[in-house]
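Participant: Contents are mmCIF, C-alpha atoms and all ligand atoms; file name data16.cif:
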data_final
loop_
_atom_site.label_atom_id
_atom_site.label_comp_id
_atom_site.auth_asym_id
_atom_site.auth_seq_id
_atom_site.Cartn_x
_atom_site.Cartn_y
_atom_site.Cartn_z
CA MET A 161 -38.98 114.36 13.17
CA ARG A 162 -40.68 115.35 16.41
CA ILE A 163 -42.64 112.69 18.31
CA ILE A 164 -45.01 114.33 20.78
CA PRO A 165 -46.69 112.03 23.32
CA ILE A 166 -50.18 113.08 24.41
CA SER A 167 -51.91 111.32 27.32
CA LEU A 168 -55.68 110.94 27.05
CA PRO A 169 -58.20 109.82 29.69
CA THR A 170 -60.11 106.56 29.13
CA PRO A 171 -63.12 105.16 31.01
CA PHE A 172 -61.28 101.83 31.27
CA TYR A 173 -59.51 100.12 34.14
CA ILE A 174 -56.14 100.51 32.42
CA GLY A 175 -56.24 104.29 32.90
CA PRO A 176 -54.97 106.92 30.42
CA VAL A 177 -53.79 105.95 26.94
CA ASN A 178 -50.82 107.48 25.10
CA VAL A 179 -51.19 108.70 21.54
CA TYR A 180 -48.28 110.09 19.55
CA LEU A 181 -48.35 113.10 17.30
CA ILE A 182 -45.67 113.06 14.61
CA ALA A 183 -45.16 116.78 14.08
CA GLU A 184 -43.96 116.56 10.53
CA ASP A 185 -45.45 116.66 7.07
CA PRO A 186 -47.82 114.83 6.51
CA LEU A 187 -49.09 115.48 10.04
CA THR A 188 -49.73 112.05 11.57
CA ILE A 189 -51.20 110.72 14.78
CA ILE A 190 -50.44 107.22 16.03
CA ASP A 191 -53.55 106.01 17.94
CA THR A 192 -56.49 108.20 18.82
CA GLY A 193 -57.92 107.44 22.25
CA PRO A 194 -61.48 106.22 22.95
CA LYS A 195 -64.59 107.89 21.58
CA THR A 196 -65.40 110.04 24.60
CA LYS A 197 -65.85 113.76 25.06
CA GLU A 198 -63.02 113.81 27.61
CA ALA A 199 -60.57 112.13 25.24
CA ILE A 200 -61.27 114.35 22.23
CA GLU A 201 -61.01 117.46 24.41
CA ALA A 202 -57.68 116.33 25.83
CA LEU A 203 -56.47 115.53 22.32
CA ARG A 204 -57.47 118.96 21.02
CA ALA A 205 -55.69 120.61 23.94
CA GLY A 206 -52.54 118.52 23.43
CA MET A 207 -52.47 119.23 19.71
CA ARG A 208 -53.13 122.92 20.23
CA GLN A 209 -50.22 123.10 22.65
CA ALA A 210 -48.02 121.67 19.91
CA GLY A 211 -49.39 124.24 17.46
CA PHE A 212 -51.84 122.06 15.52
CA LEU A 213 -55.55 121.47 15.04
CA VAL A 214 -57.30 118.13 14.57
CA SER A 215 -58.25 119.34 11.10
CA ASP A 216 -54.52 119.52 10.23
CA LEU A 217 -54.17 115.71 10.51
CA ARG A 218 -53.36 113.97 7.24
CA ARG A 219 -52.76 110.46 8.56
CA ILE A 220 -54.28 108.40 11.39
CA VAL A 221 -52.19 105.32 12.13
CA LEU A 222 -53.49 102.68 14.54
CA THR A 223 -51.26 100.29 16.51
CA HIS A 224 -54.24 97.96 16.98
CA ALA A 225 -58.02 97.96 17.10
CA HIS A 226 -58.79 98.17 20.81
CA GLU A 227 -61.24 100.95 21.66
CA ASP A 228 -58.81 102.85 23.88
CA HIS A 229 -56.44 103.16 20.88
CA CYS A 230 -58.71 103.43 17.84
CA GLY A 231 -62.05 104.73 19.14
CA LEU A 232 -61.80 108.27 17.77
CA ALA A 233 -60.38 107.26 14.38
CA ARG A 234 -63.56 107.91 12.43
CA SER A 235 -64.35 111.22 14.15
CA LEU A 236 -60.80 112.47 13.57
CA ARG A 237 -60.85 111.32 9.96
CA ASP A 238 -64.15 113.11 9.31
CA GLU A 239 -63.01 116.28 11.04
CA ALA A 240 -59.70 116.25 9.18
CA LYS A 241 -61.55 115.86 5.87
CA ASN A 242 -60.63 112.34 4.94
CA ALA A 243 -57.24 111.94 6.46
CA GLU A 244 -55.93 108.48 5.58
CA VAL A 245 -56.52 105.72 8.17
CA LEU A 246 -53.89 102.99 8.38
CA ILE A 247 -54.07 99.72 10.33
CA HIS A 248 -52.74 96.20 9.78
CA ASN A 249 -55.29 94.10 7.91
CA TRP A 250 -55.00 91.33 10.52
CA GLU A 251 -56.96 93.61 12.82
CA THR A 252 -59.95 93.14 10.54
CA GLY A 253 -61.67 90.74 12.92
CA HIS A 254 -61.46 93.33 15.64
CA ARG A 255 -62.96 96.16 13.71
CA HIS A 256 -66.53 95.08 14.26
CA SER A 257 -66.68 94.32 17.98
CA ARG A 258 -64.71 91.39 19.20
CA LEU A 259 -67.20 88.98 20.66
CA GLN A 260 -69.85 89.49 18.05
CA HIS A 261 -68.38 86.95 15.72
CA GLU A 262 -69.34 83.33 15.83
CA GLU A 263 -65.64 82.47 15.78
CA HIS A 264 -65.12 84.15 19.10
CA ARG A 265 -67.99 82.25 20.63
CA THR A 266 -66.49 79.01 19.36
CA LEU A 267 -63.14 79.87 20.95
CA LEU A 268 -64.80 80.56 24.30
CA VAL A 269 -66.84 77.32 24.13
CA ARG A 270 -63.62 75.43 23.39
CA ALA A 271 -61.99 77.12 26.37
CA GLY A 272 -64.76 75.63 28.54
CA VAL A 273 -66.44 78.95 29.33
CA PRO A 274 -70.07 78.34 30.45
CA GLU A 275 -72.81 79.75 28.20
CA ALA A 276 -74.04 82.24 30.81
CA GLU A 277 -70.52 83.65 31.14
CA ILE A 278 -70.18 83.94 27.36
CA ALA A 279 -73.44 85.91 27.28
CA GLY A 280 -72.07 88.20 30.00
CA MET A 281 -68.81 88.75 28.11
CA ARG A 282 -70.74 89.56 24.98
CA ALA A 283 -72.91 92.11 26.73
CA LEU A 284 -69.77 93.72 28.07
CA TYR A 285 -68.21 93.99 24.64
CA GLU A 286 -71.44 95.28 23.17
CA HIS A 287 -71.14 98.01 25.76
CA MET A 288 -67.52 98.68 24.71
CA ARG A 289 -68.66 99.34 21.15
CA LYS A 290 -69.88 102.79 22.06
CA TYR A 291 -66.24 103.80 22.64
CA GLY A 292 -65.26 103.21 19.04
CA ASP A 293 -66.49 103.23 15.45
CA SER A 294 -65.81 100.39 13.07
CA PHE A 295 -64.49 100.78 9.55
CA ALA A 296 -65.56 99.13 6.34
CA ASP A 297 -62.92 97.30 4.32
CA ASP A 298 -62.53 100.12 1.81
CA GLU A 299 -62.06 102.81 4.45
CA TYR A 300 -58.54 102.04 5.55
CA THR A 301 -55.10 101.30 4.14
CA SER A 302 -53.24 98.28 5.45
CA LEU A 303 -49.92 98.64 7.26
CA TRP A 304 -47.26 96.23 5.96
CA ASP A 305 -44.35 94.82 7.88
CA GLU A 306 -41.02 96.47 6.96
CA ALA A 307 -42.72 99.19 4.88
CA GLU A 308 -41.91 102.82 5.69
CA LEU A 309 -44.24 105.59 6.76
CA GLU A 310 -42.64 108.44 4.87
CA PHE A 311 -42.36 111.97 6.23
CA GLU A 312 -40.80 115.11 4.81
CA SER A 313 -37.59 114.54 6.74
CA GLY A 314 -37.29 110.84 7.40
CA SER A 315 -39.51 107.87 7.97
CA LEU A 316 -40.82 105.40 10.52
CA ARG A 317 -40.37 101.71 9.77
CA ILE A 318 -43.51 99.63 10.29
CA LEU A 319 -42.93 96.50 12.37
CA HIS A 320 -45.70 93.94 12.54
CA THR A 321 -45.46 92.83 16.18
CA PRO A 322 -48.37 90.42 16.74
CA GLY A 323 -49.25 88.94 20.12
CA HIS A 324 -51.39 91.35 22.10
CA THR A 325 -53.60 91.22 19.00
CA PRO A 326 -52.87 89.55 15.63
CA GLY A 327 -52.38 92.83 13.76
CA SER A 328 -50.53 94.86 16.41
CA CYS A 329 -47.85 97.08 14.86
CA SER A 330 -44.91 99.06 16.20
CA PHE A 331 -43.02 101.90 14.56
CA LEU A 332 -39.25 102.39 14.53
CA ARG A 333 -37.35 105.63 14.03
CA GLU A 334 -34.06 104.18 12.95
CA ALA A 335 -31.89 107.26 13.53
CA ASP A 336 -32.06 106.94 17.31
CA ARG A 337 -33.75 103.52 17.60
CA THR A 338 -36.91 104.94 19.13
CA VAL A 339 -39.92 102.61 18.98
CA ILE A 340 -43.62 103.40 19.35
CA ALA A 341 -44.99 100.05 20.44
CA GLY A 342 -48.71 100.37 21.29
CA ASP A 343 -49.69 97.67 23.79
CA CYS A 344 -46.83 95.38 22.74
CA VAL A 345 -44.58 96.86 25.44
CA LEU A 346 -45.87 98.53 28.60
CA LYS A 347 -43.80 99.83 31.46
CA ARG A 348 -45.66 98.56 34.51
CA ILE A 349 -47.75 95.64 33.34
CA THR A 350 -47.19 92.60 31.17
CA PRO A 351 -49.40 92.91 28.09
CA ASN A 352 -52.16 90.36 27.77
CA PRO A 353 -52.10 88.07 24.72
CA VAL A 354 -55.80 88.45 23.94
CA LEU A 355 -57.77 85.39 22.76
CA SER A 356 -58.40 85.88 19.03
CA PRO A 357 -59.34 83.83 15.99
CA ASP A 358 -56.45 83.32 13.60
CA PRO A 359 -56.85 85.97 10.87
CA ILE A 360 -55.78 83.48 8.18
CA ASP A 361 -58.05 80.66 9.38
CA PRO A 362 -60.70 82.02 11.78
CA SER A 363 -61.75 78.50 12.78
CA ARG A 364 -58.39 78.25 14.56
CA ARG A 365 -57.01 80.13 17.49
CA PHE A 366 -54.25 82.69 17.00
CA PRO A 367 -51.11 81.44 18.83
CA SER A 368 -50.94 84.75 20.66
CA LEU A 369 -48.30 83.99 23.27
CA ALA A 370 -45.87 82.25 20.90
CA GLU A 371 -46.25 85.15 18.44
CA TYR A 372 -45.84 87.66 21.24
CA LEU A 373 -42.54 86.18 22.37
CA VAL A 374 -41.25 86.34 18.79
CA SER A 375 -42.31 90.00 18.56
CA LEU A 376 -40.55 90.82 21.84
CA ALA A 377 -37.36 89.12 20.66
CA ARG A 378 -37.57 91.03 17.40
CA LEU A 379 -37.87 94.36 19.20
CA ARG A 380 -34.96 93.37 21.41
CA SER A 381 -32.81 92.64 18.35
CA LEU A 382 -33.24 96.30 17.35
CA SER A 383 -31.65 97.42 20.65
CA PRO A 384 -34.20 100.19 21.19
CA THR A 385 -32.98 103.15 23.24
CA LEU A 386 -36.47 104.48 23.93
CA VAL A 387 -39.82 102.69 23.70
CA TYR A 388 -43.10 104.59 23.82
CA GLY A 389 -45.90 102.29 25.03
CA GLY A 390 -49.65 102.60 24.73
CA HIS A 391 -49.98 103.22 28.48
CA GLY A 392 -47.62 104.54 31.15
CA GLU A 393 -44.19 106.13 30.93
CA PRO A 394 -41.65 105.51 28.16
CA ILE A 395 -39.14 102.71 28.62
CA ARG A 396 -35.45 103.53 28.49
CA ASP A 397 -34.15 100.17 29.60
CA PHE A 398 -35.75 97.70 27.24
CA GLU A 399 -33.28 94.96 28.12
CA GLU A 400 -34.31 95.02 31.78
CA LEU A 401 -37.98 94.98 30.79
CA PHE A 402 -37.42 92.11 28.36
CA HIS A 403 -35.94 89.97 31.12
CA ARG A 404 -38.68 90.96 33.56
CA TYR A 405 -41.35 89.97 31.03
CA PHE A 406 -39.57 86.74 30.33
CA ARG A 407 -39.42 85.79 34.00
CA ALA A 408 -43.11 86.67 34.38
CA PHE A 409 -43.95 84.38 31.43
CA GLN A 410 -41.90 81.54 32.85
CA ASP A 411 -43.52 81.91 36.27
CA ARG A 412 -46.97 81.94 34.72
CA GLN A 413 -46.12 78.88 32.57
CA SER A 414 -45.08 76.91 35.67
CA GLN A 415 -48.17 78.07 37.54
CA VAL A 416 -50.49 77.03 34.70
CA ILE A 417 -48.78 73.66 34.23
CA GLY A 418 -49.09 73.14 38.00
CA LEU A 419 -52.86 73.68 37.76
CA VAL A 420 -53.29 70.91 35.19
CA THR A 421 -54.62 67.98 37.23
CA LYS A 422 -55.17 64.30 36.54
CA ASN A 423 -58.90 64.65 35.94
CA GLY A 424 -58.30 67.24 33.25
CA VAL A 425 -58.91 71.00 33.24
CA THR A 426 -60.24 73.52 30.75
CA ALA A 427 -58.81 77.02 30.28
CA TRP A 428 -61.84 78.27 32.18
CA ASP A 429 -60.97 76.08 35.19
CA VAL A 430 -57.40 77.37 35.11
CA ALA A 431 -58.55 80.99 34.79
CA LEU A 432 -60.82 80.65 37.83
CA LYS A 433 -57.99 79.20 39.90
CA MET A 434 -55.49 81.85 38.81
CA PHE A 435 -57.82 84.82 39.15
CA PRO A 436 -60.73 83.81 41.42
CA ASN A 437 -61.81 87.42 41.90
CA ALA A 438 -61.69 88.55 38.28
CA ASP A 439 -64.86 90.29 37.19
CA ASP A 440 -66.14 92.04 34.07
CA VAL A 441 -63.60 92.37 31.32
CA HIS A 442 -61.01 90.68 33.52
CA ARG A 443 -62.93 87.41 33.25
CA PHE A 444 -62.31 87.46 29.53
CA LEU A 445 -58.69 88.53 29.95
CA SER A 446 -58.03 85.80 32.50
CA VAL A 447 -59.45 83.19 30.11
CA SER A 448 -57.21 84.68 27.40
CA GLU A 449 -54.21 84.33 29.64
CA ALA A 450 -55.06 80.72 30.56
CA VAL A 451 -55.64 79.72 26.93
CA ALA A 452 -52.39 81.37 25.83
CA HIS A 453 -50.32 79.52 28.41
CA LEU A 454 -52.05 76.15 27.98
CA ASP A 455 -51.58 76.46 24.23
CA MET A 456 -47.92 77.21 24.65
CA ALA A 457 -47.33 74.41 27.19
CA HIS A 458 -49.11 71.96 24.89
CA SER A 459 -47.20 73.04 21.79
CA GLU A 460 -43.96 72.53 23.72
CA GLY A 461 -45.02 69.00 24.70
CA LYS A 462 -45.34 69.76 28.42
CA ILE A 463 -49.01 68.80 28.82
CA ALA A 464 -51.51 66.59 26.97
CA TYR A 465 -54.76 67.66 25.45
CA GLU A 466 -58.03 66.05 24.34
CA LEU A 467 -61.47 67.15 23.22
CA SER A 468 -64.31 66.45 25.62
CA GLY A 469 -67.55 67.35 23.87
CA GLN A 470 -66.82 70.82 22.50
CA ALA A 471 -64.35 71.78 25.21
CA GLU A 472 -60.60 71.31 25.18
CA VAL A 473 -59.36 69.46 28.24
CA TYR A 474 -55.72 69.50 29.32
CA LYS A 475 -54.09 66.71 31.33
CA PRO A 476 -50.63 66.00 32.66
CA LEU A 477 -48.38 63.88 30.44
CA VAL A 478 -48.56 60.19 31.33
ZN ZN B 1 -54.82 96.78 23.52
ZN ZN B 2 -54.37 99.66 25.44
#
Write out the structure in this file as structure tokens.
Facilitator:
Amino acid sequence: MRIIPISLPTPFYIGPVNVYLIAEDPLTIIDTGPKTKEAIEALRAGMRQAGFLVSDLRRIVLTHAHEDHCGLARSLRDEAKNAEVLIHNWETGHRHSRLQHEEHRTLLVRAGVPEAEIAGMRALYEHMRKYGDSFADDEYTSLWDEAELEFESGSLRILHTPGHTPGSCSFLREADRTVIAGDCVLKRITPNPVLSPDPIDPSRRFPSLAEYLVSLARLRSLSPTLVYGGHGEPIRDFEELFHRYFRAFQDRQSQVIGLVTKNGVTAWDVALKMFPNADDVHRFLSVSEAVAHLDMAHSEGKIAYELSGQAEVYKPLV
């Protein structure tokens, strides 16, 4: 089973995105790139080089529903005459623009984000929508943990690896322990556990960091020899990366706990102190990061928490 990485340009800060063509019957692509002219052209060129056309695709598998990964899914599906689209059903909340939902607003209010900032974040995500199409519930097939994506000569095992988003999935080729991991594992940067409503109970927050650490440990237990990430080069030394991530998480935990002062702080306060110069989408990501670490520190009994009006306020233990 040949896995062919294709790098596609994105208009986003993160830079190019990697999609993976599985050159095997049924012809499958894992992730699609954003809905831009540049990305579809680069995809056509990459597929042509491998001897295929977009219209040959039979299956479009999505690691998660961020625009840089899923944006072209509908266009590809239409061009390939109803190729099957597969994504984990916990990505449902993401399929129709992230900050549109009332639940997201509630999460941001609870994180102490001022109304004007929430409006700004919304406008930004409205703008992001043009880089992807959403799908109705009957237009996709759900990916299931531990199920197999069958090919003519072999299969890829589906691993539900939540954290970056609730429905993020990775794919394992068991024969040589190669993993395609989307944004769960990236070579140069530590993936952001993005603030999301819990897919089971949207009035709650998804425990993104705790889930992410479990996913990382699970990938580690498979002793992968090669990990293909959603951005950047492949990773051949997963063990080294695992420890690097772990140290980064511990450092960030200590930093966040250190920012919790006697008078009480919200995630927004912590985000501003950690990343005073964050703008645009990074404002939202820095709030995500602060919430994830405060949540984790609180669940481990390292800091106290109370509600003040609608906002969650964290204080040192007394
Ligand atoms: Zn992502
Ligand atoms: Zn990405």
Participant: Take atom CA of A:Gly211 and atom CA of A:Arg237 and report the distance between them in Å, one decimal.
Facilitator: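 Between these atoms lies a distance of 18.8 Å.
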Participant: Using all atoms listed in the file, pick whichever of A:Thr338, A:Thr325, A:Thr266, A:Ser459 has the shortest atom-to-atom distance to A:Pro394.
Facilitator: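 Among the listed residues, the smallest separation from A:Pro394 belongs to A:Thr338.
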Participant: Quick one: residues within 12 Å of A:Glu239, all atoms listed in the file counted, chain neighbours fewer than 6 positions away excluded, as a PyMOL selection string?
Facilitator: chain A and resi 200+204+213-218+220+232-233
Participant: Kindly provide the residues of chain A that approach ligand ZN 2 (chain B) to within 9 Å, each paired with its closest atom pair and their distance in Å to one decimal, based on all atoms listed in the file, listed by chain and increasing number, as a Markdown table.
Facilitator:
| residue | atom | partner | partner_atom | distance |
| --- | --- | --- | --- | --- |
| A:Ile174 | CA | B:ZN2 | ZN | 7.3 |
| A:Gly175 | CA | B:ZN2 | ZN | 9.0 |
| A:Pro176 | CA | B:ZN2 | ZN | 8.8 |
| A:Val177 | CA | B:ZN2 | ZN | 6.5 |
| A:Asn178 | CA | B:ZN2 | ZN | 8.6 |
| A:His224 | CA | B:ZN2 | ZN | 8.6 |
| A:His226 | CA | B:ZN2 | ZN | 6.6 |
| A:Glu227 | CA | B:ZN2 | ZN | 7.9 |
| A:Asp228 | CA | B:ZN2 | ZN | 5.7 |
| A:His229 | CA | B:ZN2 | ZN | 6.1 |
| A:Gly342 | CA | B:ZN2 | ZN | 7.1 |
| A:Asp343 | CA | B:ZN2 | ZN | 5.3 |
| A:Pro351 | CA | B:ZN2 | ZN | 8.8 |
| A:Gly389 | CA | B:ZN2 | ZN | 8.9 |
| A:Gly390 | CA | B:ZN2 | ZN | 5.6 |
| A:His391 | CA | B:ZN2 | ZN | 6.4 |
Participant: Please produce a file of the residues just selected, as an mmCIF file, keeping the file's coordinate frame, where the atoms kept are C-alpha atoms.
Facilitator:
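Below you can see out_28.cif, which holds the result:
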data_model
loop_
_atom_site.group_PDB
_atom_site.id
_atom_site.type_symbol
_atom_site.label_atom_id
_atom_site.label_comp_id
_atom_site.auth_asym_id
_atom_site.auth_seq_id
_atom_site.Cartn_x
_atom_site.Cartn_y
_atom_site.Cartn_z
ATOM 1 C CA ILE A 174 -56.140 100.510 32.420
ATOM 2 C CA GLY A 175 -56.240 104.290 32.900
ATOM 3 C CA PRO A 176 -54.970 106.920 30.420
ATOM 4 C CA VAL A 177 -53.790 105.950 26.940
ATOM 5 C CA ASN A 178 -50.820 107.480 25.100
ATOM 6 C CA HIS A 224 -54.240 97.960 16.980
ATOM 7 C CA HIS A 226 -58.790 98.170 20.810
ATOM 8 C CA GLU A 227 -61.240 100.950 21.660
ATOM 9 C CA ASP A 228 -58.810 102.850 23.880
ATOM 10 C CA HIS A 229 -56.440 103.160 20.880
ATOM 11 C CA GLY A 342 -48.710 100.370 21.290
ATOM 12 C CA ASP A 343 -49.690 97.670 23.790
ATOM 13 C CA PRO A 351 -49.400 92.910 28.090
ATOM 14 C CA GLY A 389 -45.900 102.290 25.030
ATOM 15 C CA GLY A 390 -49.650 102.600 24.730
ATOM 16 C CA HIS A 391 -49.980 103.220 28.480
#
Participant: Excluding stretch 432-437 of chain A and residues on its chain fewer than 6 positions from it, collect all residues at most 9 Å away from it, counting only C-alpha atoms, and give them as JSON, numbers by chain.
Facilitator: {"A": [415, 416, 419, 443, 446, 447, 450]}
Participant: May I ask which of the residues A:Asp455, A:Asp238, A:Glu251, A:Asp429 is the closest one to ligand ZN 1 (chain B), counting only C-alpha atoms and all ligand atoms?
Facilitator: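 Closest residue, counting only C-alpha atoms and all ligand atoms: A:Glu251.
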Participant: Would you list the contacts of A:Ser330 as an MDAnalysis selection string, taking every protein, DNA or RNA residue within 10 Å and counting all atoms listed in the file, but skipping same-chain residues closer than 2 positions in sequence?
Facilitator: chainID A and resid 190 222:224 305 316:322 328 332 339:345 375 379 387:389
Participant: Around the point (-67.1, 101.0, 24.7), in the coordinates given by the file, pick out the residues reaching within 9 Å, counting all atoms listed in the file, and return them as a ChimeraX atom specification.
Facilitator: /A:171-172,194-195,227-228,231,284-292
Participant: Quick one: everything within 10 Å of A:Leu369, counting all atoms listed in the file, minus sequence neighbours fewer than 4 positions away in the same chain. Send it as a PDB file with C-alpha atoms, in the coordinates of the input.
Facilitator:
ATOM      1  CA  PRO A 322     -48.370  90.420  16.740  1.00  0.00           C
ATOM      2  CA  GLY A 323     -49.250  88.940  20.120  1.00  0.00           C
ATOM      3  CA  HIS A 324     -51.390  91.350  22.100  1.00  0.00           C
ATOM      4  CA  THR A 325     -53.600  91.220  19.000  1.00  0.00           C
ATOM      5  CA  ASN A 352     -52.160  90.360  27.770  1.00  0.00           C
ATOM      6  CA  PRO A 353     -52.100  88.070  24.720  1.00  0.00           C
ATOM      7  CA  VAL A 354     -55.800  88.450  23.940  1.00  0.00           C
ATOM      8  CA  LEU A 355     -57.770  85.390  22.760  1.00  0.00           C
ATOM      9  CA  LEU A 373     -42.540  86.180  22.370  1.00  0.00           C
ATOM     10  CA  VAL A 374     -41.250  86.340  18.790  1.00  0.00           C
ATOM     11  CA  SER A 375     -42.310  90.000  18.560  1.00  0.00           C
ATOM     12  CA  PHE A 409     -43.950  84.380  31.430  1.00  0.00           C
ATOM     13  CA  SER A 448     -57.210  84.680  27.400  1.00  0.00           C
ATOM     14  CA  GLU A 449     -54.210  84.330  29.640  1.00  0.00           C
ATOM     15  CA  VAL A 451     -55.640  79.720  26.930  1.00  0.00           C
ATOM     16  CA  ALA A 452     -52.390  81.370  25.830  1.00  0.00           C
ATOM     17  CA  HIS A 453     -50.320  79.520  28.410  1.00  0.00           C
ATOM     18  CA  LEU A 454     -52.050  76.150  27.980  1.00  0.00           C
ATOM     19  CA  ASP A 455     -51.580  76.460  24.230  1.00  0.00           C
ATOM     20  CA  MET A 456     -47.920  77.210  24.650  1.00  0.00           C
TER      21      MET A 456
END
Participant: Which of these, A:Leu445, A:Ala279, A:Ala202, A:Ile395, has the shortest distance to ligand ZN 1 (chain B) once you count all atoms listed in the file?
Facilitator: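 Ranking A:Leu445, A:Ala279, A:Ala202, A:Ile395 by distance to ligand ZN 1 (chain B), first place goes to A:Leu445.
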Participant: So, counting all atoms listed in the file, which residue among A:Ala427, A:Val269, A:Leu181, A:Ala225 is closest to A:Asn249?
Facilitator: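 Distance minimum relative to A:Asn249 lands on A:Ala225.
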Participant: One decimal, Å: what's the distance from atom ZN of ligand ZN 1 (chain B) over to atom CA of A:Cys329, could you say?
Facilitator: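 Separation of atom ZN of ligand ZN 1 (chain B) and atom CA of A:Cys329: 11.1 Å.
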Participant: Let me make sure I understand: among A:Leu376, A:Ala283, A:Leu267, A:Leu246, which one has the smallest atom-to-atom distance to A:Trp304 if we use all atoms listed in the file?
Facilitator: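 Ranked by minimum distance to A:Trp304, first place goes to A:Leu246.
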Participant: Rank nothing, just name the residue among A:Thr196, A:Ser315, A:Asn242, A:Ser302 nearest to A:Arg162, using only C-alpha atoms.
Facilitator: A:Ser315
Participant: Taking 2 positions as the minimum chain separation for residues in the same chain, which residues sit within 8 Å of A:Tyr180 when counting only C-alpha atoms? Answer as a ChimeraX atom specification.
Facilitator: /A:163-166,178,182,189-191
